[in-house]
file coords.txt (compact mmCIF, C-alpha atoms and all ligand atoms)
# COMPACT_ATOMS: atom_id res chain seq x y z
CA MET A 796 -11.23 -0.87 25.74
CA VAL A 797 -9.36 -0.83 22.43
CA ARG A 798 -9.38 2.46 20.58
CA PRO A 799 -7.68 3.80 17.50
CA LYS A 800 -4.29 5.12 18.59
CA GLN A 801 -4.18 7.91 16.05
CA GLU A 802 -5.71 11.34 15.90
CA PHE A 803 -7.30 12.51 12.68
CA ILE A 804 -6.13 15.93 11.69
CA GLY A 805 -7.84 17.95 8.99
CA SER A 806 -10.89 20.06 8.37
CA SER A 807 -10.92 20.49 4.60
CA PRO A 808 -14.30 19.74 3.00
CA ALA A 809 -12.82 16.81 1.02
CA PHE A 810 -11.45 15.22 4.20
CA LEU A 811 -14.56 15.84 6.30
CA GLU A 812 -16.65 14.23 3.61
CA VAL A 813 -14.49 11.11 3.76
CA LEU A 814 -14.75 10.99 7.56
CA GLU A 815 -18.51 11.28 7.34
CA GLN A 816 -18.72 8.52 4.75
CA THR A 817 -16.44 6.35 6.92
CA SER A 818 -18.63 6.83 10.00
CA GLN A 819 -21.73 5.82 8.06
CA LEU A 820 -20.18 2.86 6.31
CA ALA A 821 -18.64 1.64 9.58
CA LEU A 822 -22.09 0.82 10.93
CA LEU A 823 -22.99 -1.52 8.08
CA ASN A 824 -22.06 -5.16 8.13
CA ARG A 825 -20.61 -5.07 4.61
CA SER A 826 -17.20 -5.25 2.99
CA ALA A 827 -15.53 -1.94 2.36
CA LEU A 828 -12.86 -0.79 -0.01
CA VAL A 829 -10.46 2.06 0.76
CA ILE A 830 -8.62 3.56 -2.18
CA GLY A 831 -6.04 6.30 -2.23
CA GLU A 832 -2.56 7.28 -3.32
CA ARG A 833 0.34 6.17 -1.13
CA GLY A 834 0.49 7.84 2.25
CA THR A 835 -3.03 9.29 2.17
CA GLY A 836 -4.18 7.55 5.36
CA LYS A 837 -5.83 4.36 4.08
CA GLU A 838 -4.77 2.34 7.07
CA LEU A 839 -6.10 4.97 9.45
CA ILE A 840 -9.46 4.93 7.68
CA ALA A 841 -9.56 1.12 7.77
CA GLU A 842 -9.02 1.26 11.55
CA ARG A 843 -11.77 3.81 11.87
CA LEU A 844 -14.15 1.57 9.91
CA HIS A 845 -13.53 -1.15 12.45
CA PHE A 846 -13.50 0.89 15.66
CA LEU A 847 -16.72 2.74 14.80
CA SER A 848 -18.47 -0.50 13.86
CA PRO A 849 -20.52 -2.76 16.12
CA ARG A 850 -17.49 -5.09 15.98
CA TRP A 851 -15.22 -2.54 17.71
CA ASP A 852 -14.58 -4.75 20.74
CA GLN A 853 -13.67 -7.78 18.61
CA ALA A 854 -10.46 -8.54 16.79
CA PHE A 855 -9.04 -6.19 14.17
CA ILE A 856 -6.53 -8.23 12.18
CA LYS A 857 -4.29 -6.88 9.45
CA MET A 858 -2.68 -8.63 6.54
CA ASP A 859 -0.42 -7.02 3.97
CA CYS A 860 -1.11 -8.93 0.77
CA ALA A 861 2.07 -7.62 -0.88
CA ALA A 862 4.35 -8.89 1.87
CA LEU A 863 4.31 -12.61 1.12
CA PRO A 864 4.64 -14.89 -1.90
CA GLU A 865 1.52 -16.62 -3.14
CA SER A 866 1.66 -19.89 -1.19
CA LEU A 867 2.56 -18.24 2.11
CA LEU A 868 -0.14 -15.62 1.73
CA GLU A 869 -2.76 -18.29 1.23
CA SER A 870 -1.68 -20.16 4.33
CA GLU A 871 -1.45 -16.95 6.40
CA LEU A 872 -4.99 -16.03 5.46
CA PHE A 873 -6.68 -19.39 5.58
CA GLY A 874 -4.42 -21.49 7.81
CA HIS A 875 -3.42 -25.06 7.18
CA GLU A 876 -4.10 -28.54 8.48
CA ALA A 877 -1.41 -30.66 10.08
CA GLY A 878 0.74 -32.24 7.38
CA ALA A 879 -0.59 -29.96 4.63
CA PHE A 880 2.96 -29.36 3.43
CA THR A 881 6.53 -29.96 4.56
CA GLY A 882 7.06 -28.15 7.84
CA ALA A 883 3.34 -27.99 8.67
CA GLN A 884 3.44 -30.25 11.69
CA LYS A 885 0.50 -28.78 13.55
CA MET A 886 -2.80 -27.37 12.39
CA ARG A 887 -2.60 -23.58 12.21
CA ARG A 888 -5.44 -21.07 12.10
CA GLY A 889 -5.14 -18.29 9.57
CA ARG A 890 -6.04 -14.62 9.84
CA PHE A 891 -9.65 -15.23 8.85
CA GLU A 892 -10.16 -17.44 11.87
CA GLN A 893 -8.29 -14.98 14.10
CA ALA A 894 -10.61 -12.23 12.89
CA ASP A 895 -13.78 -14.23 13.54
CA HIS A 896 -16.57 -11.83 14.70
CA GLY A 897 -14.24 -8.92 14.02
CA SER A 898 -12.70 -7.29 10.95
CA LEU A 899 -9.88 -8.32 8.66
CA PHE A 900 -7.92 -5.56 6.96
CA LEU A 901 -6.46 -6.72 3.64
CA ASP A 902 -3.86 -4.11 2.76
CA GLU A 903 -2.44 -3.82 -0.77
CA LEU A 904 -5.16 -6.14 -1.94
CA SER A 905 -4.39 -5.64 -5.63
CA ASN A 906 -1.32 -7.82 -5.06
CA ALA A 907 -3.35 -10.88 -4.05
CA PRO A 908 -2.77 -13.66 -6.59
CA MET A 909 -5.68 -15.32 -8.41
CA THR A 910 -5.76 -18.44 -6.22
CA VAL A 911 -6.16 -16.25 -3.16
CA GLN A 912 -8.73 -14.05 -4.90
CA GLU A 913 -10.82 -17.14 -5.60
CA LYS A 914 -10.86 -18.17 -1.95
CA LEU A 915 -11.56 -14.59 -0.86
CA LEU A 916 -14.56 -14.45 -3.11
CA ARG A 917 -16.04 -17.49 -1.47
CA VAL A 918 -15.37 -16.47 2.08
CA ILE A 919 -16.85 -13.02 1.52
CA GLU A 920 -19.91 -14.47 -0.18
CA TYR A 921 -20.59 -17.48 2.04
CA GLY A 922 -18.35 -17.05 5.08
CA THR A 923 -16.73 -20.38 4.42
CA PHE A 924 -13.34 -21.74 3.31
CA GLU A 925 -11.04 -24.69 3.80
CA ARG A 926 -7.65 -24.58 5.48
CA ILE A 927 -4.83 -25.61 3.16
CA GLY A 928 -4.69 -29.38 3.01
CA GLY A 929 -8.16 -29.64 4.53
CA SER A 930 -11.51 -30.67 3.14
CA ARG A 931 -13.72 -29.64 6.02
CA PRO A 932 -15.28 -26.20 5.56
CA VAL A 933 -14.51 -23.65 8.25
CA ASN A 934 -17.17 -21.02 8.90
CA VAL A 935 -16.33 -17.51 9.98
CA ASP A 936 -18.09 -14.21 10.48
CA VAL A 937 -15.56 -11.63 9.31
CA ARG A 938 -15.97 -8.18 7.89
CA VAL A 939 -13.41 -7.60 5.17
CA ILE A 940 -11.93 -4.13 4.77
CA ALA A 941 -9.55 -3.87 1.82
CA ALA A 942 -7.19 -1.13 0.75
CA THR A 943 -5.16 -0.43 -2.35
CA ASN A 944 -3.46 2.40 -4.20
CA GLN A 945 -4.15 0.77 -7.56
CA ASP A 946 -7.13 1.34 -9.79
CA LEU A 947 -8.96 -1.96 -9.40
CA PRO A 948 -11.41 -1.50 -12.30
CA THR A 949 -8.40 -1.10 -14.61
CA LEU A 950 -6.78 -4.23 -13.15
CA VAL A 951 -10.04 -6.05 -13.82
CA GLU A 952 -9.97 -4.91 -17.44
CA GLN A 953 -6.38 -6.09 -17.77
CA GLY A 954 -7.29 -9.48 -16.33
CA PHE A 955 -5.25 -9.14 -13.12
CA PHE A 956 -8.17 -8.85 -10.73
CA ARG A 957 -11.42 -10.80 -10.57
CA ALA A 958 -14.45 -8.76 -11.53
CA ASP A 959 -16.73 -10.79 -9.25
CA LEU A 960 -14.44 -10.22 -6.26
CA LEU A 961 -14.35 -6.50 -6.95
CA ASP A 962 -18.17 -6.46 -7.08
CA ARG A 963 -18.39 -8.12 -3.67
CA LEU A 964 -15.78 -5.87 -2.09
CA ALA A 965 -16.92 -2.65 -3.58
CA PHE A 966 -20.22 -2.44 -1.76
CA ASP A 967 -19.03 1.04 -1.01
CA VAL A 968 -15.72 2.64 -1.87
CA ILE A 969 -13.97 5.29 0.15
CA THR A 970 -11.54 7.25 -1.99
CA LEU A 971 -9.09 9.35 -0.03
CA PRO A 972 -8.21 12.73 -1.49
CA PRO A 973 -4.49 13.36 -2.01
CA LEU A 974 -2.95 16.06 0.14
CA ARG A 975 -2.68 18.47 -2.80
CA ALA A 976 -6.49 18.42 -3.00
CA ARG A 977 -6.83 19.44 0.65
CA ARG A 978 -4.47 22.36 0.98
CA GLU A 979 -6.41 23.70 3.97
CA ASP A 980 -5.09 20.77 5.98
CA ILE A 981 -1.40 21.13 5.16
CA LEU A 982 -0.41 23.65 7.83
CA GLN A 983 -2.67 22.05 10.40
CA LEU A 984 -0.99 18.68 9.82
CA ALA A 985 2.46 20.29 9.75
CA ASP A 986 1.85 21.94 13.15
CA HIS A 987 0.51 18.71 14.57
CA PHE A 988 3.54 16.66 13.52
CA ALA A 989 5.96 19.41 14.59
CA VAL A 990 4.46 19.74 18.08
CA LYS A 991 4.50 15.98 18.56
CA MET A 992 8.10 15.71 17.42
CA SER A 993 9.16 18.61 19.65
CA SER A 994 7.66 16.96 22.69
CA GLU A 995 9.26 13.65 21.70
CA LEU A 996 12.59 15.51 21.75
CA GLY A 997 11.79 16.87 25.22
CA ARG A 998 11.31 20.45 24.04
CA ASP A 999 8.63 22.55 25.75
CA LEU A 1000 7.53 24.54 22.80
CA PHE A 1001 7.45 24.61 19.04
CA PRO A 1002 8.12 28.12 17.69
CA GLY A 1003 6.41 27.59 14.32
CA PHE A 1004 7.44 28.08 10.70
CA SER A 1005 8.48 31.24 8.87
CA ASN A 1006 6.02 32.63 6.31
CA SER A 1007 8.23 31.57 3.46
CA VAL A 1008 8.40 27.98 4.71
CA GLU A 1009 4.60 27.95 5.12
CA GLN A 1010 4.28 29.16 1.56
CA GLN A 1011 6.59 26.40 0.30
CA LEU A 1012 4.62 23.77 2.21
CA LEU A 1013 1.39 25.04 0.66
CA GLU A 1014 2.77 25.07 -2.87
CA TYR A 1015 4.49 21.69 -2.87
CA GLN A 1016 2.68 18.86 -4.68
CA TRP A 1017 3.17 16.13 -2.00
CA PRO A 1018 3.48 12.99 -4.13
CA GLY A 1019 3.98 10.96 -0.93
CA ASN A 1020 1.04 12.69 0.76
CA ILE A 1021 0.70 12.74 4.54
CA ARG A 1022 3.49 10.29 5.21
CA GLU A 1023 5.87 12.49 3.22
CA LEU A 1024 4.69 15.60 5.08
CA LYS A 1025 5.15 13.85 8.42
CA ASN A 1026 8.70 12.73 7.60
CA LEU A 1027 9.64 16.13 6.26
CA ILE A 1028 8.36 18.02 9.29
CA GLU A 1029 9.89 15.60 11.78
CA ARG A 1030 13.22 15.89 10.00
CA ALA A 1031 13.03 19.70 10.03
CA VAL A 1032 12.22 19.73 13.75
CA TYR A 1033 15.02 17.46 14.84
CA ARG A 1034 17.51 19.39 12.71
CA MET A 1035 16.56 22.81 14.14
CA GLN A 1036 19.69 24.79 14.98
CA ASP A 1037 17.93 26.89 17.57
CA PRO A 1038 14.78 25.21 18.94
CA GLU A 1039 13.47 28.58 20.11
CA GLN A 1040 13.43 30.21 16.65
CA PRO A 1041 10.89 29.43 13.92
CA ILE A 1042 11.92 27.06 11.15
CA THR A 1043 13.15 29.15 8.21
CA ASP A 1044 14.51 26.43 5.98
CA ILE A 1045 13.04 23.17 4.85
CA GLN A 1046 14.47 20.34 2.77
CA PHE A 1047 11.96 18.54 0.58
CA ASP A 1048 14.31 15.90 -0.76
CA PRO A 1049 16.37 14.08 1.90
CA PHE A 1050 18.44 12.42 -0.84
CA ILE A 1051 20.06 15.66 -1.92
CA SER A 1052 23.78 15.31 -1.34
CA PRO A 1053 26.93 15.93 -3.37
CA TRP A 1054 27.80 12.28 -2.68
CA ARG A 1055 24.63 10.82 -4.05
CA PRO A 1056 25.53 7.74 -6.16
CA ALA A 1057 25.20 8.27 -9.90
CA MET A 1058 22.17 6.93 -11.71
CA HIS A 1059 22.78 3.66 -13.55
CA SER A 1060 19.21 2.74 -14.21
CA ALA A 1061 17.17 2.22 -17.34
CA THR A 1062 15.94 5.77 -16.96
CA ALA A 1063 19.50 6.96 -17.32
CA ALA A 1064 20.00 4.90 -20.47
CA ALA A 1065 16.65 5.91 -21.89
CA THR A 1066 17.29 9.61 -21.35
CA ASP A 1067 20.86 9.46 -22.58
CA SER A 1068 20.68 11.65 -25.69
CA THR A 1069 24.05 10.44 -27.00
CA ASP A 1070 22.54 6.98 -27.51
CA ALA A 1071 20.59 7.91 -30.67
CA PRO A 1072 19.89 5.22 -33.33
CA ALA A 1073 22.47 4.98 -36.08
CA GLU A 1074 19.71 4.75 -38.64
CA TRP A 1075 16.09 5.86 -38.79
CA PRO A 1076 13.39 4.63 -38.93
CA ILE A 1077 13.46 2.19 -36.03
CA ASP A 1078 10.89 -0.34 -34.88
CA LEU A 1079 10.14 1.19 -31.50
CA GLN A 1080 7.74 -1.53 -30.40
CA ALA A 1081 10.11 -4.38 -31.19
CA GLU A 1082 12.95 -2.55 -29.41
CA ALA A 1083 10.83 -1.85 -26.37
CA GLN A 1084 9.67 -5.47 -26.21
CA ALA A 1085 13.17 -6.84 -26.53
CA TYR A 1086 14.21 -4.51 -23.74
CA GLU A 1087 11.34 -5.65 -21.49
CA ILE A 1088 12.13 -9.31 -22.13
CA LYS A 1089 15.81 -8.78 -21.34
CA ARG A 1090 15.05 -7.02 -18.06
CA ILE A 1091 12.46 -9.63 -17.01
CA GLU A 1092 14.93 -12.44 -17.61
CA GLN A 1093 17.66 -10.58 -15.74
CA ALA A 1094 15.34 -9.95 -12.80
CA LEU A 1095 14.28 -13.60 -12.69
CA ALA A 1096 17.89 -14.73 -12.60
CA LYS A 1097 18.79 -12.15 -9.96
CA ALA A 1098 15.82 -13.25 -7.82
CA HIS A 1099 16.79 -16.91 -8.19
CA TYR A 1100 13.58 -17.47 -10.14
CA HIS A 1101 11.44 -16.30 -7.27
CA GLN A 1102 8.67 -14.51 -9.15
CA ASN A 1103 7.50 -12.23 -6.36
CA GLU A 1104 11.03 -11.04 -5.80
CA ALA A 1105 11.61 -10.54 -9.52
CA ALA A 1106 8.43 -8.46 -9.74
CA LYS A 1107 9.70 -6.28 -6.89
CA LEU A 1108 13.05 -5.81 -8.60
CA LEU A 1109 11.16 -4.44 -11.59
CA GLY A 1110 8.86 -2.22 -9.55
CA LEU A 1111 5.84 -4.26 -10.67
CA SER A 1112 3.02 -5.91 -8.76
CA TYR A 1113 3.03 -9.68 -8.88
CA HIS A 1114 0.08 -9.60 -11.26
CA GLN A 1115 1.60 -7.11 -13.61
CA PHE A 1116 4.70 -9.29 -13.67
CA ARG A 1117 2.69 -12.46 -14.38
CA GLY A 1118 0.92 -10.59 -17.15
CA LEU A 1119 4.23 -9.82 -18.83
CA LEU A 1120 5.41 -13.44 -18.52
CA ARG A 1121 2.25 -14.50 -20.32
CA LYS A 1122 2.53 -11.76 -22.91
CA TYR A 1123 6.07 -12.72 -23.87
CA ASP A 1124 5.66 -16.41 -23.15
CA ILE A 1125 8.65 -16.38 -20.79
CA SER A 1126 9.18 -19.42 -18.61
CA PRO A 1127 9.59 -18.29 -15.01
CA LYS A 1128 11.70 -21.40 -14.27
CA ARG A 1129 15.44 -21.74 -14.57
CA GLN A 1130 16.28 -23.11 -18.03
CA SER A 1131 18.12 -26.39 -17.54
CA ASN A 1132 20.21 -28.11 -20.21
CA SER A 1133 19.41 -31.65 -19.14
N1 LIG B 1201 -5.69 12.76 8.90
C1 LIG B 1201 -4.55 12.39 9.47
N2 LIG B 1201 -4.14 12.97 10.62
C2 LIG B 1201 -2.97 12.63 11.18
N3 LIG B 1201 -2.11 11.73 10.68
C3 LIG B 1201 -2.45 11.12 9.53
C4 LIG B 1201 -3.70 11.41 8.88
N4 LIG B 1201 -3.77 10.64 7.77
C5 LIG B 1201 -2.64 9.92 7.72
N5 LIG B 1201 -1.84 10.20 8.78
C6 LIG B 1201 -0.50 9.63 9.04
O1 LIG B 1201 0.17 9.54 7.79
C7 LIG B 1201 0.90 8.33 7.67
C8 LIG B 1201 0.38 7.53 6.49
O2 LIG B 1201 -0.91 7.02 6.76
P1 LIG B 1201 -1.34 5.53 6.35
O3 LIG B 1201 -0.27 4.57 6.71
O4 LIG B 1201 -2.70 5.29 6.88
O5 LIG B 1201 -1.37 5.74 4.77
P2 LIG B 1201 -1.60 4.67 3.63
O6 LIG B 1201 -2.54 5.31 2.66
O7 LIG B 1201 -2.00 3.36 4.22
O8 LIG B 1201 -0.16 4.61 2.99
P3 LIG B 1201 0.47 3.45 2.01
O9 LIG B 1201 -0.24 3.57 0.70
O10 LIG B 1201 1.89 3.86 1.88
O11 LIG B 1201 0.27 2.16 2.70
C9 LIG B 1201 0.73 7.62 9.00
O12 LIG B 1201 1.81 7.95 9.81
C10 LIG B 1201 -0.56 8.19 9.55
O13 LIG B 1201 -0.58 8.14 10.94
MG MG B 1202 -0.98 1.49 4.10
call {"tool": "encode", "arguments": {"input": "coords.txt", "output": "structure tokens"}}
result
Amino acid sequence: MVRPKQEFIGSSPAFLEVLEQTSQLALLNRSALVIGERGTGKELIAERLHFLSPRWDQAFIKMDCAALPESLLESELFGHEAGAFTGAQKMRRGRFEQADHGSLFLDELSNAPMTVQEKLLRVIEYGTFERIGGSRPVNVDVRVIAATNQDLPTLVEQGFFRADLLDRLAFDVITLPPLRARREDILQLADHFAVKMSSELGRDLFPGFSNSVEQQLLEYQWPGNIRELKNLIERAVYRMQDPEQPITDIQFDPFISPWRPAMHSATAAATDSTDAPAEWPIDLQAEAQAYEIKRIEQALAKAHYHQNEAAKLLGLSYHQFRGLLRKYDISPKRQSNS
């Protein structure tokens, strides 16, 4: 029997409410949307939705929609026919077909490009799609569970996400509380990760944290949520000088070092107070736009005109990046002189 591998730790009201909602929604044969800041446990909740559903003994297939460029994502999800494109010698089934009768977890869904969104809409609505290069409809029975850390209604307003797809997906939405909204769970999670790490290191016992460390853990804001807490605790445990004494010191930022490379980024330039305009007033909007255009063109060149890569270099989603290309009418192709 397949079961979720992970334990769920936490007993704060906000977390228990989410677990309850997950258990109820799991039973329904409807799409589900899991939303939450990074590291809040979206993937764990998606697994729970599957393993508590009547489909628990069928496939649970995952697909990270941010991991692949547009054309590859489409073929991963929907498969292709033989000869659909160069290199496609044999017919290949996509993740939808692999997930038939089970669930398909679409992670980082907000990154799915419009062409893929269109096909998703149809398969969720009618259970049918065509493999790339095919004309014969393929029918599947798949429950879609999607996750994102973006605000999809805002992306819809900005034109980066289809409103009709959001309507279909958002039959019910599970929004995970960030760790700072469930302080009751912090020490429980910290103990859990520390005990696990200690046993991984072959130690018999975990001696706990000092009061001052507990206080620091409780007061910290946890921008990276549970993943950040897990990393921090595991790091503290493996670095313990004396594994029999409680942890009295904890390092929140693993990047702190006298040898840390200096900052050369835009943030550095933007916050450089010596770089004041020679003359006021300035046209802030025009300056900001010129700056954006310059960086977009630099990123495109650096990424060899691969748009997904360029978007990543700029810390943008593919759709945000496409939006800027449209806004500034920038050609994403290499400019040739011929
Ligand atoms: N309630 C919990 N109890 C124990 N471990 C948890 C809990 N919630 C999350 N974790 C752990 O925290 C880490 C992050 O969880 P997960 O990968 O599900 O988050 P996520 O929201 O999908 O993150 P991202 O946005 O970065 O993809 C994982 O190691 C997971 O096992
Ligand atoms: Mg995740």
call {"tool": "closest_atom_pairs", "arguments": {"input": "coords.txt", "of": "chain A", "to": "ligand MG 1202 (chain B)", "cutoff": "8 Å", "atoms": "all atoms listed in the file", "output": "tab-separated table"}}
result
residue	atom	partner	partner_atom	distance
A:Arg833	CA	B:MG1202	MG	7.1
A:Gly834	CA	B:MG1202	MG	6.8
A:Gly836	CA	B:MG1202	MG	7.0
A:Lys837	CA	B:MG1202	MG	5.6
A:Glu838	CA	B:MG1202	MG	4.9
A:Asp902	CA	B:MG1202	MG	6.4
A:Glu903	CA	B:MG1202	MG	7.4
A:Ala942	CA	B:MG1202	MG	7.5
A:Thr943	CA	B:MG1202	MG	7.9
call {"tool": "closest_residue", "arguments": {"input": "coords.txt", "among": "A:Gln884, A:Ser870, A:Gln912, A:Thr970", "to": "Phe810 of chain A", "atoms": "all atoms listed in the file"}}
result
A:Thr970
call {"tool": "axis_aligned_box", "arguments": {"input": "coords.txt", "around": "ligand LIG 1201 (chain B)", "padding_each_side": "3 Å", "output": "JSON"}}
result
{"center_x": -1.9, "center_y": 7.6, "center_z": 5.9, "size_x": 13.6, "size_y": 16.8, "size_z": 16.5}
call {"tool": "closest_residue", "arguments": {"input": "coords.txt", "among": "A:Ala1094, A:Leu863, A:Leu984, A:Ile927", "to": "ligand LIG 1201 (chain B)", "atoms": "all atoms listed in the file"}}
result
A:Leu984
call {"tool": "closest_atom_pairs", "arguments": {"input": "coords.txt", "of": "segment 814-849 of chain A", "to": "segment 973-976 of chain A", "cutoff": "8 Å", "atoms": "all atoms listed in the file", "output": "CSV"}}
result
residue,atom,partner,partner_atom,distance
A:Gly831,CA,A:Pro973,CA,7.2
A:Glu832,CA,A:Pro973,CA,6.5
A:Thr835,CA,A:Pro973,CA,6.0
call {"tool": "residues_around", "arguments": {"input": "coords.txt", "residues": "Glu892 of chain A", "least_positions_apart": "4", "cutoff": "9 Å", "atoms": "only C-alpha atoms", "output": "number ranges by chain"}}
result
A: 872-874, 888, 896, 933-937
call {"tool": "write_last_selection", "arguments": {"input": "coords.txt", "atoms": "C-alpha atoms", "output": "tab-separated table (two decimals), keeping the file's coordinate frame"}}
result
chain	number	residue	atom	x	y	z
A	872	LEU	CA	-4.99	-16.03	5.46
A	873	PHE	CA	-6.68	-19.39	5.58
A	874	GLY	CA	-4.42	-21.49	7.81
A	888	ARG	CA	-5.44	-21.07	12.10
A	896	HIS	CA	-16.57	-11.83	14.70
A	933	VAL	CA	-14.51	-23.65	8.25
A	934	ASN	CA	-17.17	-21.02	8.90
A	935	VAL	CA	-16.33	-17.51	9.98
A	936	ASP	CA	-18.09	-14.21	10.48
A	937	VAL	CA	-15.56	-11.63	9.31
call {"tool": "residues_around", "arguments": {"input": "coords.txt", "residues": "segment 1046-1050 of chain A", "least_positions_apart": "6", "cutoff": "12 Å", "atoms": "all atoms listed in the file", "output": "PyMOL selection string"}}
result
chain A and resi 1008+1011-1012+1014-1019+1023-1032+1034-1035+1056
call {"tool": "write_last_selection", "arguments": {"input": "coords.txt", "atoms": "C-alpha atoms", "output": "compact mmCIF listing (two decimals), keeping the file's coordinate frame"}}
result
# COMPACT_ATOMS: atom_id res chain seq x y z
CA VAL A 1008 8.40 27.98 4.71
CA GLN A 1011 6.59 26.40 0.30
CA LEU A 1012 4.62 23.77 2.21
CA GLU A 1014 2.77 25.07 -2.87
CA TYR A 1015 4.49 21.69 -2.87
CA GLN A 1016 2.68 18.86 -4.68
CA TRP A 1017 3.17 16.13 -2.00
CA PRO A 1018 3.48 12.99 -4.13
CA GLY A 1019 3.98 10.96 -0.93
CA GLU A 1023 5.87 12.49 3.22
CA LEU A 1024 4.69 15.60 5.08
CA LYS A 1025 5.15 13.85 8.42
CA ASN A 1026 8.70 12.73 7.60
CA LEU A 1027 9.64 16.13 6.26
CA ILE A 1028 8.36 18.02 9.29
CA GLU A 1029 9.89 15.60 11.78
CA ARG A 1030 13.22 15.89 10.00
CA ALA A 1031 13.03 19.70 10.03
CA VAL A 1032 12.22 19.73 13.75
CA ARG A 1034 17.51 19.39 12.71
CA MET A 1035 16.56 22.81 14.14
CA PRO A 1056 25.53 7.74 -6.16
call {"tool": "decode", "arguments": {"input": "coords.txt", "residues": "segment 976-993 of chain A", "atoms": "N, CA and C atoms", "output": "CSV table (one decimal), in the first residue's frame"}}
result
chain,number,residue,atom,x,y,z
A,976,ALA,N,2.2,32.8,11.5
A,976,ALA,CA,0.9,32.8,11.9
A,976,ALA,C,0.5,31.6,12.7
A,977,ARG,N,1.5,30.7,13.0
A,977,ARG,CA,1.2,29.5,13.8
A,977,ARG,C,2.3,29.2,14.7
A,978,ARG,N,2.6,30.3,15.6
A,978,ARG,CA,3.7,30.2,16.5
A,978,ARG,C,3.7,29.0,17.4
A,979,GLU,N,2.5,28.5,17.7
A,979,GLU,CA,2.4,27.4,18.6
A,979,GLU,C,3.1,26.2,18.0
A,980,ASP,N,3.3,26.1,16.7
A,980,ASP,CA,3.9,25.0,16.1
A,980,ASP,C,5.4,25.0,16.0
A,981,ILE,N,6.0,26.2,16.2
A,981,ILE,CA,7.4,26.4,15.9
A,981,ILE,C,8.3,25.4,16.7
A,982,LEU,N,8.0,25.4,18.0
A,982,LEU,CA,8.9,24.6,18.9
A,982,LEU,C,8.7,23.1,18.6
A,983,GLN,N,7.4,22.8,18.4
A,983,GLN,CA,7.1,21.4,18.1
A,983,GLN,C,7.8,20.9,16.8
A,984,LEU,N,7.7,21.7,15.8
A,984,LEU,CA,8.4,21.4,14.5
A,984,LEU,C,9.9,21.3,14.8
A,985,ALA,N,10.5,22.3,15.5
A,985,ALA,CA,11.9,22.4,15.8
A,985,ALA,C,12.4,21.1,16.5
A,986,ASP,N,11.6,20.6,17.5
A,986,ASP,CA,12.0,19.4,18.2
A,986,ASP,C,11.9,18.2,17.2
A,987,HIS,N,10.9,18.2,16.4
A,987,HIS,CA,10.7,17.1,15.5
A,987,HIS,C,11.9,17.0,14.5
A,988,PHE,N,12.3,18.1,13.9
A,988,PHE,CA,13.4,18.1,13.0
A,988,PHE,C,14.7,17.8,13.7
A,989,ALA,N,14.9,18.3,14.9
A,989,ALA,CA,16.1,18.0,15.7
A,989,ALA,C,16.3,16.6,16.1
A,990,VAL,N,15.2,16.0,16.5
A,990,VAL,CA,15.2,14.5,16.9
A,990,VAL,C,15.5,13.7,15.7
A,991,LYS,N,14.9,14.0,14.6
A,991,LYS,CA,15.2,13.2,13.4
A,991,LYS,C,16.6,13.3,12.9
A,992,MET,N,17.1,14.6,13.0
A,992,MET,CA,18.5,14.8,12.5
A,992,MET,C,19.5,14.1,13.5
A,993,SER,N,19.2,14.1,14.8
A,993,SER,CA,20.1,13.5,15.7
A,993,SER,C,20.1,12.0,15.4
